[in-house]
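Report on one structure; see the data block that follows.
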Amino acid sequence: MKHVLVLKVGPVQGYIAQARRTRDLWYGSQVLSNLARAMAVSLLESRATLVFPHPDQARDARAGVANKVVALVEDAPEQVARRAREAAKSRLRAEWVRVFNKCQSMLIPGAEALAAEQLDTFLEVHAAWALVEDAPTGYADALAEAERALESRRGLREFAPWKQRPPEGTHKSSLDGARPSLLRRERQTGHLWRHFRIGLREELDALGVLKRAGGQPGQFVPVPSIGLAAWLQVAGTRHPELLARLSAACEARGFQSVSVRQRPWVESFPFDGQLLLPERWQPYFEEYAIPEPRQAAASFGSEFVAPLRDAMGADAGPFPYVACLVADGDRMGLALESLAKRSDGHLAHQRVSQALADFTRKARAIVEVEHRGVLVYAGGDDVLAFVTPMDAPACARALAVAFRASLEGALAGTGAEVPTLSVGLGIGHVLESLGELLALGRRAETAAKRAGRDALAILVAKHAGRERLWTAPWGTDPVARLESDMALLTRDTLPLPLGKVHEVAALARRFPAGVASTPELAEVLRDEAGRILARAEAGRAPKPLTPADVGLELSSATAPQDALEQWAARLLVADTFARAGRGLASAQDKEGAR
């Protein structure tokens, strides 16, 4: 008898989001991917027919694997599921043993027993299965039944009291505040503590230690470096000697470096980009326990950083913002449901899983090679990455194009609608917490879904400023629209003053809601917006601007208030990207520097 077996491993979002450093975020995603892969490999060893992920993806240690695994099992599904769950637990224990051996000197006595309990109570593996009946829709019916049972079981959980007691006075983890810390109170200012960037007041439980020390420190690009990638690459091209002096000064002080290949923007300055920001000099020196940190930091900044910033010019100062890119496939469930009802349902699903595996491989190249970014996770139809703002819209478009191209071949001739990709870009300050940056990206992705899917949404959160959200369907080529708006704001002759954009936005807010239902008010609103644009600015060319000149469709707008608000949001978002590239290399220079 054949059964459909569905397994899920978690928790996912909460665990990934609990991060203070890039390595926490990346390795949290990596751990869950490895656990799902361990279950998939176990199913293959049990001679199951793997549907999701594709067998090739399960065998590739570099590929991301989603937390949901689907397979066809001939006999004894319960035993197969138990072996898969044990494989996931064994993989988690193996990950911990490797990290424990590296970090044992930093941990409290009895850390091993505490860690075992924390790891066992953390991991959730849920499984459900259903018999495939001998019918044309047997696979589809069994899959639907198994998924319903799985979701029901995930709503039930056993909570057991802690059995292991930590030493008196042990603090809770700084990442989630739920589990006792395993770190010693006696901290050293160097060696492993500095190597793994563990602060003197930071506390980490077993899961936190696993995230922080799971990978090699040199493989993680700090978020500030990603945000300043465009600036750093141009600085390396224009003033290589000054950037080399700064790098040498960082190396002489023992600052942790980054070692990644084939990324010129990292190689030009393989240290934390926050060292380019004056407000971060002293805290950074304090973290590395450098004597007299205030004076040492001030001397370092004036001698090595300031000359580089001055040489780049005031108009080309570092733009300290980064884009958190979150992408998710649209209507994947409908497409899979349609394919499942075919007579070769599981084979059709396998073709889709192979296409998704192909997309995840493309996603890494798109983010890290073609655009200046770092891929945190790509598995199935989900992508999480950080990208320098200048490259973020083009990176989002390339991912959407690649996603559709990967799935078109798998769905050719099936009659199923080809899923699309909604992408959210959350633009936040590079020193913002990772949790806040992730929240921005996810809110932007939700906005893209609400805008009708197959869309781009950009949410800009400036320090001490209002949030700006703009959404547009991919069919309207929003990246080209942004580029046109950036040119409008920065052109040499008759640029659009940003003050007019703010004035139009304020005008739209002053009018009562529902202006469209009052023709007289709507006409007043149109006339006033036109007057603001046409008004001559002191010191500027006298030629008045019209709504058509600035890409504002006002005369035909049935809801002029909404049209004005969306136009203002779009221009203010475009201004953010214009500021990111102000004074830096042109597109041709950037391509030549790569």
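Labeling convention for the structure tokens: chains A, B, ... as they appear, residues from 1 per chain, ligands from 1 in order of appearance.
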Which polymer residues have any atom within 9 Å of an atom of segment 195-204 of chain A, counting only C-alpha atoms, with same-chain residues fewer than 4 positions away left out, as a list in words?
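Contacts, in chain order: Arg21, His171, Lys172, Ser173, Ser174, Leu175, Arg179, Pro180, Ser181, Leu182, Leu183, Arg184, Arg185, Glu186, Arg187, Gln188, Thr189, Gly190, His191, Gly208, Val209, Arg212, Ala213, Gln216, Pro217, Gln256 and Glu287 of chain A.
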Take the selection from the previous step and output its residues with C-alpha atoms, as a compact mmCIF listing (two decimals), in the first residue's frame.
```txt
# COMPACT_ATOMS: atom_id res chain seq x y z
CA ARG A 21 24.48 39.49 14.08
CA HIS A 171 20.68 34.94 33.25
CA LYS A 172 18.28 34.22 30.41
CA SER A 173 19.32 34.28 26.75
CA SER A 174 19.64 37.75 25.23
CA LEU A 175 18.04 36.54 21.99
CA ARG A 179 16.11 29.69 28.09
CA PRO A 180 18.98 29.95 30.61
CA SER A 181 22.31 31.14 29.24
CA LEU A 182 25.18 28.66 28.98
CA LEU A 183 27.93 31.29 28.99
CA ARG A 184 30.33 31.78 31.87
CA ARG A 185 30.13 35.01 33.83
CA GLU A 186 33.90 35.36 33.71
CA ARG A 187 34.59 36.79 30.26
CA GLN A 188 37.86 37.32 28.45
CA THR A 189 38.37 40.30 26.20
CA GLY A 190 40.07 38.25 23.53
CA HIS A 191 40.41 34.74 22.11
CA GLY A 208 22.11 31.04 20.51
CA VAL A 209 25.59 29.54 20.87
CA ARG A 212 26.85 32.37 16.80
CA ALA A 213 29.55 29.72 16.54
CA GLN A 216 33.31 30.30 10.36
CA PRO A 217 33.34 33.96 11.50
CA GLN A 256 37.83 40.62 12.51
CA GLU A 287 33.98 45.84 22.02
```
Just the residues within 8 Å of Leu384 of chain A, please, counting only C-alpha atoms, with nothing from its chain fewer than 2 positions along; format it as a list of chain:residue names.
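Once the nearby chain positions are removed, what remains is A:Cys324, A:Leu325, A:Val326, A:Ala327, A:Leu375, A:Val376, A:Tyr377, A:Ala378, A:Asp382, A:Phe386.
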Could you give me, as a count of residues only, each residue of segment 243-321 of chain A that DSSP assigns to helix (DSSP H, G or I) when run on this structure's backbone?
51
Have a look at atom CA of Thr360 of chain A and atom CA of Gly379 of chain A and let me know their distance in Å, one decimal.
6.0 Å
Find the residues around segment 426-440 of chain A up to 6 Å (only C-alpha atoms counted), leave out those fewer than 3 positions away in its own chain, and share them as a PyMOL selection string.
chain A and resi 17+224+320-324+443-444+459-461
Export of the given selection (N, CA and C atoms) as a PDB file, in the first residue's frame:
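Writing the result to selection.pdb gives the following:
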```
ATOM      1  N   ALA A  17      14.352  34.790  13.360  1.00  0.00           N
ATOM      2  CA  ALA A  17      14.339  36.224  13.661  1.00  0.00           C
ATOM      3  C   ALA A  17      15.129  36.566  14.910  1.00  0.00           C
ATOM      4  N   PRO A 224      26.231  46.327   7.989  1.00  0.00           N
ATOM      5  CA  PRO A 224      26.700  47.648   7.543  1.00  0.00           C
ATOM      6  C   PRO A 224      27.552  47.580   6.273  1.00  0.00           C
ATOM      7  N   PRO A 320      23.959  55.282   4.951  1.00  0.00           N
ATOM      8  CA  PRO A 320      23.945  54.155   5.894  1.00  0.00           C
ATOM      9  C   PRO A 320      22.612  53.413   5.977  1.00  0.00           C
ATOM     10  N   TYR A 321      22.137  52.918   4.839  1.00  0.00           N
ATOM     11  CA  TYR A 321      20.891  52.157   4.820  1.00  0.00           C
ATOM     12  C   TYR A 321      21.105  50.859   4.048  1.00  0.00           C
ATOM     13  N   VAL A 322      20.281  49.866   4.341  1.00  0.00           N
ATOM     14  CA  VAL A 322      20.390  48.564   3.703  1.00  0.00           C
ATOM     15  C   VAL A 322      18.992  48.076   3.348  1.00  0.00           C
ATOM     16  N   ALA A 323      18.899  47.243   2.325  1.00  0.00           N
ATOM     17  CA  ALA A 323      17.614  46.683   1.908  1.00  0.00           C
ATOM     18  C   ALA A 323      17.500  45.244   2.380  1.00  0.00           C
ATOM     19  N   CYS A 324      16.436  44.951   3.129  1.00  0.00           N
ATOM     20  CA  CYS A 324      16.106  43.571   3.489  1.00  0.00           C
ATOM     21  C   CYS A 324      15.103  43.074   2.455  1.00  0.00           C
ATOM     22  N   ARG A 443       7.041  43.069   6.192  1.00  0.00           N
ATOM     23  CA  ARG A 443       5.899  43.959   6.000  1.00  0.00           C
ATOM     24  C   ARG A 443       5.804  44.402   4.542  1.00  0.00           C
ATOM     25  N   ALA A 444       6.954  44.656   3.936  1.00  0.00           N
ATOM     26  CA  ALA A 444       6.952  45.036   2.520  1.00  0.00           C
ATOM     27  C   ALA A 444       6.446  43.889   1.659  1.00  0.00           C
ATOM     28  N   LEU A 459       9.291  49.562   1.240  1.00  0.00           N
ATOM     29  CA  LEU A 459       8.953  50.246   2.481  1.00  0.00           C
ATOM     30  C   LEU A 459      10.220  50.898   3.018  1.00  0.00           C
ATOM     31  N   VAL A 460      10.238  52.219   3.061  1.00  0.00           N
ATOM     32  CA  VAL A 460      11.412  52.966   3.517  1.00  0.00           C
ATOM     33  C   VAL A 460      11.136  53.494   4.914  1.00  0.00           C
ATOM     34  N   ALA A 461      12.010  53.167   5.865  1.00  0.00           N
ATOM     35  CA  ALA A 461      11.886  53.651   7.239  1.00  0.00           C
ATOM     36  C   ALA A 461      13.142  54.442   7.566  1.00  0.00           C
TER      37      ALA A 461
END
```
Distance table requested - segment 25-140 of chain A against segment 349-357 of chain A, cut-off 9 Å, only C-alpha atoms: one row per qualifying residue with the closest atom pair and its distance in Å to one decimal, ordered by chain and rising residue number, as a Markdown table.
```
| residue | atom | partner | partner_atom | distance |
| --- | --- | --- | --- | --- |
| A:Leu50 | CA | A:Gln350 | CA | 7.9 |
| A:Val51 | CA | A:Gln350 | CA | 5.0 |
| A:Phe52 | CA | A:Ser353 | CA | 5.7 |
| A:Pro53 | CA | A:Ser353 | CA | 5.7 |
| A:His54 | CA | A:Ser353 | CA | 5.2 |
| A:Pro55 | CA | A:Gln354 | CA | 8.4 |
| A:Asp56 | CA | A:Gln354 | CA | 7.8 |
| A:Gln57 | CA | A:Ala357 | CA | 6.0 |
| A:Ala63 | CA | A:Ala357 | CA | 7.5 |
| A:Gly64 | CA | A:Ala357 | CA | 8.2 |
| A:Val65 | CA | A:Ala357 | CA | 8.5 |
```
Which residues, written as a VMD selection string, have at least one atom at most 12 Å from Gly499 of chain A, with only C-alpha atoms counted and residues fewer than 6 positions away on the same chain left out?
chain A and resid 489 505 to 506 532 to 533 535 537 568 571 to 572 575
Would you write out those residues with N, CA and C atoms, as a PDB file, in the first residue's frame?
```pdb
ATOM      1  N   LEU A 489      14.441  63.739 -10.254  1.00  0.00           N
ATOM      2  CA  LEU A 489      14.842  64.429  -9.032  1.00  0.00           C
ATOM      3  C   LEU A 489      16.268  64.962  -9.088  1.00  0.00           C
ATOM      4  N   ALA A 505       2.144  65.897  -0.933  1.00  0.00           N
ATOM      5  CA  ALA A 505       1.737  64.861   0.030  1.00  0.00           C
ATOM      6  C   ALA A 505       0.930  65.479   1.171  1.00  0.00           C
ATOM      7  N   ALA A 506       1.383  66.638   1.675  1.00  0.00           N
ATOM      8  CA  ALA A 506       0.655  67.312   2.751  1.00  0.00           C
ATOM      9  C   ALA A 506      -0.716  67.770   2.276  1.00  0.00           C
ATOM     10  N   ILE A 532       0.814  73.942  -7.205  1.00  0.00           N
ATOM     11  CA  ILE A 532       2.066  73.690  -6.464  1.00  0.00           C
ATOM     12  C   ILE A 532       3.191  73.326  -7.429  1.00  0.00           C
ATOM     13  N   LEU A 533       2.884  72.456  -8.393  1.00  0.00           N
ATOM     14  CA  LEU A 533       3.912  72.031  -9.343  1.00  0.00           C
ATOM     15  C   LEU A 533       4.322  73.169 -10.268  1.00  0.00           C
ATOM     16  N   ARG A 535       4.274  76.412  -9.689  1.00  0.00           N
ATOM     17  CA  ARG A 535       4.869  77.582  -9.033  1.00  0.00           C
ATOM     18  C   ARG A 535       6.375  77.604  -9.230  1.00  0.00           C
ATOM     19  N   GLU A 537      10.210  78.278  -8.478  1.00  0.00           N
ATOM     20  CA  GLU A 537      11.035  78.281  -7.279  1.00  0.00           C
ATOM     21  C   GLU A 537      12.134  79.314  -7.435  1.00  0.00           C
ATOM     22  N   ALA A 568       3.347  60.800  -4.490  1.00  0.00           N
ATOM     23  CA  ALA A 568       4.289  61.333  -3.503  1.00  0.00           C
ATOM     24  C   ALA A 568       5.098  60.211  -2.864  1.00  0.00           C
ATOM     25  N   LEU A 571       7.755  59.052  -5.370  1.00  0.00           N
ATOM     26  CA  LEU A 571       8.865  59.999  -5.521  1.00  0.00           C
ATOM     27  C   LEU A 571       9.759  60.024  -4.291  1.00  0.00           C
ATOM     28  N   LEU A 572       9.162  59.901  -3.110  1.00  0.00           N
ATOM     29  CA  LEU A 572       9.976  59.891  -1.887  1.00  0.00           C
ATOM     30  C   LEU A 572      10.782  58.600  -1.774  1.00  0.00           C
ATOM     31  N   ASP A 575      13.609  59.065  -4.154  1.00  0.00           N
ATOM     32  CA  ASP A 575      14.626  59.941  -3.576  1.00  0.00           C
ATOM     33  C   ASP A 575      15.593  59.167  -2.678  1.00  0.00           C
TER      34      ASP A 575
END
```
Within 6 Å of segment 296-304 of chain A using only C-alpha atoms, minus same-chain residues under 2 positions, as an MDAnalysis selection string
chainID A and resid 246 281:282 292:294 306
Residues from last step as file, C-alpha atoms, as a tab-separated table (two decimals), in the first residue's frame:
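Okay, again.tsv is ready:
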```tsv
chain	number	residue	atom	x	y	z
A	246	LEU	CA	42.24	52.01	6.39
A	281	TRP	CA	34.06	54.20	16.36
A	282	GLN	CA	34.09	54.28	20.16
A	292	GLU	CA	41.55	54.26	26.12
A	293	PRO	CA	38.82	53.52	23.57
A	294	ARG	CA	37.54	57.07	23.29
A	306	ALA	CA	38.12	61.00	7.63
```
Considering only C-alpha atoms, state which residue in the set A:Leu92, A:Ala87, A:Leu192, A:Leu43 is at the smallest distance from Leu107 of chain A.
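So, comparing all the options, the nearest one is A:Leu192.
Using only C-alpha atoms, the protein and nucleic acid residues lying no more than 12 Å from Arg98 of chain A, apart from those fewer than 3 places from it along its own chain, are A:Arg91, A:Leu92, A:Arg93, A:Ala94, A:Glu95, A:Asn101, A:Lys102, A:Cys103, A:Gln104, A:Val209, A:Leu210, A:Ala213, A:Gly214, A:Gly215.
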Excluding Leu411 of chain A and residues on its chain fewer than 6 positions from it, collect all residues at most 9 Å away from it, counting only C-alpha atoms, and give them as a PyMOL selection string.
chain A and resi 335+339+348+351-352+417-418
